[in-house]
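Here the structure comes first, spelled out in structure tokens, and everything after it is commentary.
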2 protein chains.
Amino acid sequence: MAPIDRPLTDYPRPSLAVDTAVLTVRGEELCVGLVPGKPRLPGTFLHEGETLADAVRRSLTQKAGLEGAAPAQLHVFDALDRDSRGWVLSVAHVVVVPADATGTLELVPTSAARGLDFDHDQIVQQAVAWMQGRYAERPDPEHLLGAELTLRDLRRVHEAVRGEVLQPDTFRRAMLPWLEPTGLLRRGDVGKPAQLFRRR
Amino acid sequence: MAPIDRPLTDYPRPSLAVDTAVLTVRGEELCVGLVPGKPRLPGTFLHEGETLADAVRRSLTQKAGLEGAAPAQLHVFDALDRDSRGWVLSVAHVVVVPADATGTLELVPTSAARGLDFDHDQIVQQAVAWMQGRYAERPDPEHLLGAELTLRDLRRVHEAVRGEVLQPDTFRRAMLPWLEPTGLLRRGDVGKPAQLFRRR
DNA sequence: CGAATAGTGTCTCTTAGACAATATTTA
DNA sequence: TAAATATTGTCTAAGAGACACTATTCG
């Protein structure tokens, strides 16, 4: 039997790419950022001496002017025929940022992000599922909102992430254990001012 | 600015490996399979024309005589210094099989699998968490048990996976909605025979 | 005041968890 | 019969969800 682990360089190696679903909440909708003018997620090839997270940040900086992201890994796509240019594996990532920090990406509601290049439809799906899992556990783990937030703000985010309207009272009681009142109020245009909270 | 996507072959490429935590339940314990005589998980380098799942199956067949596994991806480990032989990324996988189907692997309780090579300690940890998540949702998603099972069998598996003893009555009521009675009984050495169920 | 938003009281239903009792087998 | 295992009855506590009500602001 041939030895299993010959020296590293004896093996032909695939190209390794990263592709990233940049998610945000804009208005009432969960949106994903596409490369301007193209039906695809931002991505790039992994460079020597670079980690996957580095490559994700580089691609977002170069293609969208988006700095300092904290990418999370989703899945490696490895179908042999996924890229007509050759043997390319892609490590899918997800990044969550506030809507005003998505750089030059074109924001599209996740429900409308269909027919993208490569396996990017699947990446968007997995990214949404990942985010729903995150927000099921905690009020705002990805800091879509600032340090001080009202329950109305928070509920809007959760409604966008989950894609359904939530009852204000049930939602309030579910979130309160995770929040710390600041004692301050936020006054709106109309109605009773809301308490401001901080993440506990 | 330099073009971002030069032809594929212009980039130096990392070696890509797969490493697999083979999990099983033996007796009352959740165990992981190590390569005989070595403190490491079975793994190999990805070959040309092969998917990651193929590479996992090949490594398990060659190193442990374990056929037909259905690997699930966990995480890509990409620390630049994780392998002293060079630039190697590893895609961690998990495979769950009955204890009598682990081939020549050395079974070690997951709680005792410490000090393994590379980042294999972390892989075991992630594999255990993955499996706990799976078994929190369904009675036996990985078919550790055969087609017909008793609630005692099932509880033993869940106790091993969760690492704690479970109350028979509460467990029974939690599982019944997922099970279909066969009408048959399984007689033991002593005690009332148990109903046999099938996964619904 | 009326509209709009924030927040609370309270009821119901479901579920987890536990304890105790009953049922059926083997030795 | 005694011991072991399987199964069910029942109680309690906690939580989700819904409805109705109260509170506070602006125009």
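Naming works like this for the structure tokens: A, B, ... for the chains as they're shown, residue 1 at the start of each chain, ligands 1 onward in shown order.
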Worksheet item: Which neighbours of C:DG9 fall inside 10 Å, counting only C-alpha atoms (C1' of nucleotides), when residues of the same chain fewer than 3 positions from it are skipped, and could you give them as a list in words?
Response: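 Here the answer would be DA20, DC21 and DT22 of chain D.
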Dump as a compact mmCIF listing (two decimals), in the first residue's frame, selection limited to C-alpha atoms (C1' of nucleotides):
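Saved as out.txt:
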```txt
# COMPACT_ATOMS: atom_id res chain seq x y z
C1' DA D 20 -56.85 43.91 28.58
C1' DC D 21 -55.72 47.68 31.09
C1' DT D 22 -52.92 51.67 32.79
```
Worksheet item: Counting only C-alpha atoms (C1' of nucleotides), which residues from chain D have an atom at most 8 Å from any atom of chain B, and could you show them as number ranges by chain?
Response: D: 4-6
Discussion item. So that I can check the secondary structure, give me every residue of stretch 10-200 of chain A assigned strand (DSSP E or B) by backbone DSSP, as a ChimeraX atom specification.
Written reply: /A:15-26,29-34,43-45,72-77,88-96,106-109,148-149,179-186,194-199
Item to complete: Compute the chain A side of the contact with chain B at 10 Å, counting only C-alpha atoms, and hand it back as a PyMOL selection string.
Response: chain A and resi 1+4-16+43-53+59+62-63+73-81+85-89+91
Keeping only N, CA and C atoms, take the residues you just selected and write them out as a compact mmCIF listing (two decimals), in the first residue's frame.
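Below is the file selection_9.txt, written as the result:
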```txt
# COMPACT_ATOMS: atom_id res chain seq x y z
N MET A 1 0.86 -1.21 0.00
CA MET A 1 0.00 0.00 0.00
C MET A 1 0.88 1.25 0.00
N ILE A 4 0.48 6.95 3.21
CA ILE A 4 -0.68 7.84 3.20
C ILE A 4 -0.26 9.30 3.22
N ASP A 5 0.72 9.58 4.05
CA ASP A 5 1.09 10.99 4.20
C ASP A 5 2.46 11.26 3.60
N ARG A 6 2.48 11.39 2.29
CA ARG A 6 3.73 11.80 1.63
C ARG A 6 4.01 13.25 2.00
N PRO A 7 5.21 13.78 1.67
CA PRO A 7 5.50 15.17 2.02
C PRO A 7 4.43 16.12 1.49
N LEU A 8 4.25 17.20 2.16
CA LEU A 8 3.15 18.11 1.86
C LEU A 8 3.07 18.50 0.40
N THR A 9 4.21 18.79 -0.22
CA THR A 9 4.20 19.35 -1.56
C THR A 9 3.89 18.32 -2.63
N ASP A 10 3.84 17.04 -2.28
CA ASP A 10 3.54 16.03 -3.30
C ASP A 10 2.10 16.08 -3.77
N TYR A 11 1.25 16.70 -2.97
CA TYR A 11 -0.17 16.71 -3.34
C TYR A 11 -0.51 17.93 -4.16
N PRO A 12 -1.24 17.75 -5.26
CA PRO A 12 -1.83 18.93 -5.91
C PRO A 12 -2.76 19.59 -4.91
N ARG A 13 -2.78 20.89 -4.87
CA ARG A 13 -3.59 21.59 -3.87
C ARG A 13 -4.67 22.41 -4.54
N PRO A 14 -5.81 22.48 -3.91
CA PRO A 14 -6.89 23.32 -4.46
C PRO A 14 -6.60 24.79 -4.16
N SER A 15 -7.23 25.67 -4.94
CA SER A 15 -7.28 27.07 -4.51
C SER A 15 -8.30 27.18 -3.39
N LEU A 16 -8.02 28.07 -2.47
CA LEU A 16 -8.92 28.24 -1.33
C LEU A 16 -9.44 29.67 -1.32
N GLY A 43 -15.88 38.22 -1.96
CA GLY A 43 -14.97 37.12 -1.63
C GLY A 43 -13.62 37.36 -2.23
N THR A 44 -12.69 36.48 -1.91
CA THR A 44 -11.35 36.58 -2.48
C THR A 44 -10.64 35.25 -2.28
N PHE A 45 -9.45 35.15 -2.85
CA PHE A 45 -8.65 33.96 -2.59
C PHE A 45 -7.78 34.18 -1.37
N LEU A 46 -7.53 33.09 -0.68
CA LEU A 46 -6.66 33.14 0.50
C LEU A 46 -5.22 33.37 0.06
N HIS A 47 -4.56 34.35 0.67
CA HIS A 47 -3.16 34.62 0.36
C HIS A 47 -2.23 33.93 1.35
N GLU A 48 -0.98 33.80 0.94
CA GLU A 48 0.00 33.15 1.80
C GLU A 48 0.21 33.99 3.07
N GLY A 49 0.36 33.30 4.17
CA GLY A 49 0.63 33.99 5.43
C GLY A 49 -0.58 34.68 6.03
N GLU A 50 -1.75 34.29 5.60
CA GLU A 50 -2.98 34.98 5.97
C GLU A 50 -3.95 33.96 6.57
N THR A 51 -4.68 34.37 7.59
CA THR A 51 -5.74 33.49 8.09
C THR A 51 -7.01 33.75 7.28
N LEU A 52 -7.98 32.86 7.47
CA LEU A 52 -9.25 33.02 6.76
C LEU A 52 -9.93 34.34 7.15
N ALA A 53 -9.92 34.63 8.46
CA ALA A 53 -10.54 35.88 8.90
C ALA A 53 -9.83 37.09 8.29
N SER A 59 -11.01 41.22 1.82
CA SER A 59 -11.97 41.30 0.72
C SER A 59 -13.01 42.37 0.99
N GLN A 62 -11.35 45.83 0.55
CA GLN A 62 -11.07 46.15 -0.85
C GLN A 62 -12.34 46.30 -1.68
N LYS A 63 -13.30 45.45 -1.46
CA LYS A 63 -14.48 45.46 -2.33
C LYS A 63 -15.60 46.33 -1.81
N GLN A 73 -17.16 31.65 10.81
CA GLN A 73 -17.19 30.61 9.77
C GLN A 73 -18.54 29.93 9.70
N LEU A 74 -18.95 29.59 8.48
CA LEU A 74 -20.20 28.85 8.31
C LEU A 74 -19.97 27.42 7.83
N HIS A 75 -19.29 27.30 6.68
CA HIS A 75 -19.23 25.99 6.01
C HIS A 75 -18.21 26.05 4.88
N VAL A 76 -17.63 24.91 4.58
CA VAL A 76 -16.74 24.83 3.42
C VAL A 76 -17.51 24.21 2.26
N PHE A 77 -17.55 24.92 1.17
CA PHE A 77 -18.19 24.39 -0.04
C PHE A 77 -17.11 23.78 -0.92
N ASP A 78 -17.30 22.52 -1.28
CA ASP A 78 -16.22 21.77 -1.90
C ASP A 78 -16.64 20.97 -3.13
N ALA A 79 -17.80 21.24 -3.66
CA ALA A 79 -18.22 20.49 -4.85
C ALA A 79 -17.15 20.67 -5.94
N LEU A 80 -16.82 19.57 -6.60
CA LEU A 80 -15.70 19.60 -7.55
C LEU A 80 -15.97 20.52 -8.73
N ASP A 81 -17.23 20.70 -9.05
CA ASP A 81 -17.57 21.50 -10.23
C ASP A 81 -18.15 22.86 -9.86
N ARG A 85 -13.60 27.70 -13.28
CA ARG A 85 -12.21 28.07 -13.54
C ARG A 85 -11.23 27.03 -13.04
N GLY A 86 -11.71 26.11 -12.20
CA GLY A 86 -10.79 25.11 -11.68
C GLY A 86 -11.21 24.59 -10.33
N TRP A 87 -10.27 23.98 -9.63
CA TRP A 87 -10.56 23.35 -8.35
C TRP A 87 -10.45 24.41 -7.25
N VAL A 88 -11.59 24.87 -6.81
CA VAL A 88 -11.64 25.93 -5.81
C VAL A 88 -12.59 25.54 -4.68
N LEU A 89 -12.07 25.52 -3.49
CA LEU A 89 -12.94 25.36 -2.32
C LEU A 89 -13.18 26.73 -1.72
N VAL A 91 -14.55 28.82 1.75
CA VAL A 91 -15.00 28.81 3.14
C VAL A 91 -15.98 29.97 3.31
```
Worksheet entry | Residue nearest chain A - candidates C:DC11, C:DA16, C:DA27, C:DA3, atoms counted: only C-alpha atoms (C1' of nucleotides) | C:DA3
Interface list for chain C, partner chain B, 9 Å threshold, only C-alpha atoms (C1' of nucleotides), as an mmCIF file with N, CA and C atoms (P, O5', C5', C4', C3', O3' and C1' of nucleotides), in the first residue's frame:
```cif
data_model
loop_
_atom_site.group_PDB
_atom_site.id
_atom_site.type_symbol
_atom_site.label_atom_id
_atom_site.label_comp_id
_atom_site.auth_asym_id
_atom_site.auth_seq_id
_atom_site.Cartn_x
_atom_site.Cartn_y
_atom_site.Cartn_z
ATOM 1 P P DA C 16 -40.912 19.459 28.037
ATOM 2 O "O5'" DA C 16 -40.332 19.862 29.462
ATOM 3 C "C5'" DA C 16 -39.765 21.158 29.638
ATOM 4 C "C4'" DA C 16 -39.125 21.246 30.997
ATOM 5 C "C3'" DA C 16 -38.284 20.046 31.390
ATOM 6 O "O3'" DA C 16 -37.195 20.506 32.183
ATOM 7 C "C1'" DA C 16 -40.160 20.212 32.846
ATOM 8 P P DG C 17 -36.070 19.504 32.692
ATOM 9 O "O5'" DG C 17 -36.602 19.040 34.111
ATOM 10 C "C5'" DG C 17 -36.846 20.033 35.094
ATOM 11 C "C4'" DG C 17 -37.475 19.380 36.286
ATOM 12 C "C3'" DG C 17 -36.870 18.035 36.677
ATOM 13 O "O3'" DG C 17 -36.169 18.194 37.897
ATOM 14 C "C1'" DG C 17 -39.258 18.041 36.813
ATOM 15 P P DA C 18 -35.372 16.978 38.572
ATOM 16 O "O5'" DA C 18 -36.396 16.417 39.648
ATOM 17 C "C5'" DA C 18 -37.009 17.334 40.534
ATOM 18 C "C4'" DA C 18 -38.199 16.687 41.201
ATOM 19 C "C3'" DA C 18 -37.900 15.326 41.831
ATOM 20 O "O3'" DA C 18 -37.991 15.437 43.246
ATOM 21 C "C1'" DA C 18 -39.971 15.338 40.614
ATOM 22 P P DA C 23 -51.764 -1.947 39.064
ATOM 23 O "O5'" DA C 23 -50.553 -2.341 38.118
ATOM 24 C "C5'" DA C 23 -50.421 -1.680 36.860
ATOM 25 C "C4'" DA C 23 -49.407 -2.426 36.014
ATOM 26 C "C3'" DA C 23 -49.574 -3.948 36.029
ATOM 27 O "O3'" DA C 23 -49.465 -4.397 34.697
ATOM 28 C "C1'" DA C 23 -47.371 -3.368 36.710
ATOM 29 P P DT C 24 -49.797 -5.902 34.335
ATOM 30 O "O5'" DT C 24 -48.346 -6.517 34.152
ATOM 31 C "C5'" DT C 24 -47.492 -5.963 33.167
ATOM 32 C "C4'" DT C 24 -46.135 -6.610 33.264
ATOM 33 C "C3'" DT C 24 -46.174 -8.137 33.332
ATOM 34 O "O3'" DT C 24 -45.211 -8.643 32.431
ATOM 35 C "C1'" DT C 24 -44.838 -7.271 35.054
ATOM 36 P P DT C 25 -45.475 -10.020 31.706
ATOM 37 O "O5'" DT C 25 -44.259 -10.862 32.300
ATOM 38 C "C5'" DT C 25 -43.017 -10.832 31.640
ATOM 39 C "C4'" DT C 25 -41.878 -10.619 32.618
ATOM 40 C "C3'" DT C 25 -41.253 -11.870 33.201
ATOM 41 O "O3'" DT C 25 -40.410 -12.485 32.257
ATOM 42 C "C1'" DT C 25 -41.202 -9.994 34.701
ATOM 43 P P DT C 26 -39.877 -13.909 32.430
ATOM 44 O "O5'" DT C 26 -38.717 -13.708 33.502
ATOM 45 C "C5'" DT C 26 -37.528 -13.006 33.132
ATOM 46 C "C4'" DT C 26 -36.516 -13.066 34.264
ATOM 47 C "C3'" DT C 26 -36.076 -14.475 34.645
ATOM 48 O "O3'" DT C 26 -34.688 -14.478 34.912
ATOM 49 C "C1'" DT C 26 -37.064 -13.407 36.529
ATOM 50 P P DA C 27 -33.934 -15.826 35.099
ATOM 51 O "O5'" DA C 27 -33.734 -15.888 36.682
ATOM 52 C "C5'" DA C 27 -32.902 -14.910 37.302
ATOM 53 C "C4'" DA C 27 -32.921 -15.093 38.814
ATOM 54 C "C3'" DA C 27 -32.600 -16.516 39.282
ATOM 55 O "O3'" DA C 27 -31.781 -16.472 40.441
ATOM 56 C "C1'" DA C 27 -34.701 -15.865 40.115
#
```
Item to complete: Could you give me, as JSON, numbers by chain, the residues within 12 Å of C:DT12, counting only C-alpha atoms (C1' of nucleotides) and dropping anything in the same chain fewer than 3 positions from it?
Response: {"D": [15, 16, 17, 18, 19]}
How about saving the chosen residues, C-alpha atoms (C1' of nucleotides) kept, as an mmCIF file, in the first residue's frame?
```cif
data_model
loop_
_atom_site.group_PDB
_atom_site.id
_atom_site.type_symbol
_atom_site.label_atom_id
_atom_site.label_comp_id
_atom_site.auth_asym_id
_atom_site.auth_seq_id
_atom_site.Cartn_x
_atom_site.Cartn_y
_atom_site.Cartn_z
ATOM 1 C "C1'" DG D 15 -42.545 29.959 31.234
ATOM 2 C "C1'" DA D 16 -44.846 31.343 26.745
ATOM 3 C "C1'" DG D 17 -48.399 33.651 24.933
ATOM 4 C "C1'" DA D 18 -52.279 36.442 24.753
ATOM 5 C "C1'" DC D 19 -55.642 39.991 26.171
#
```
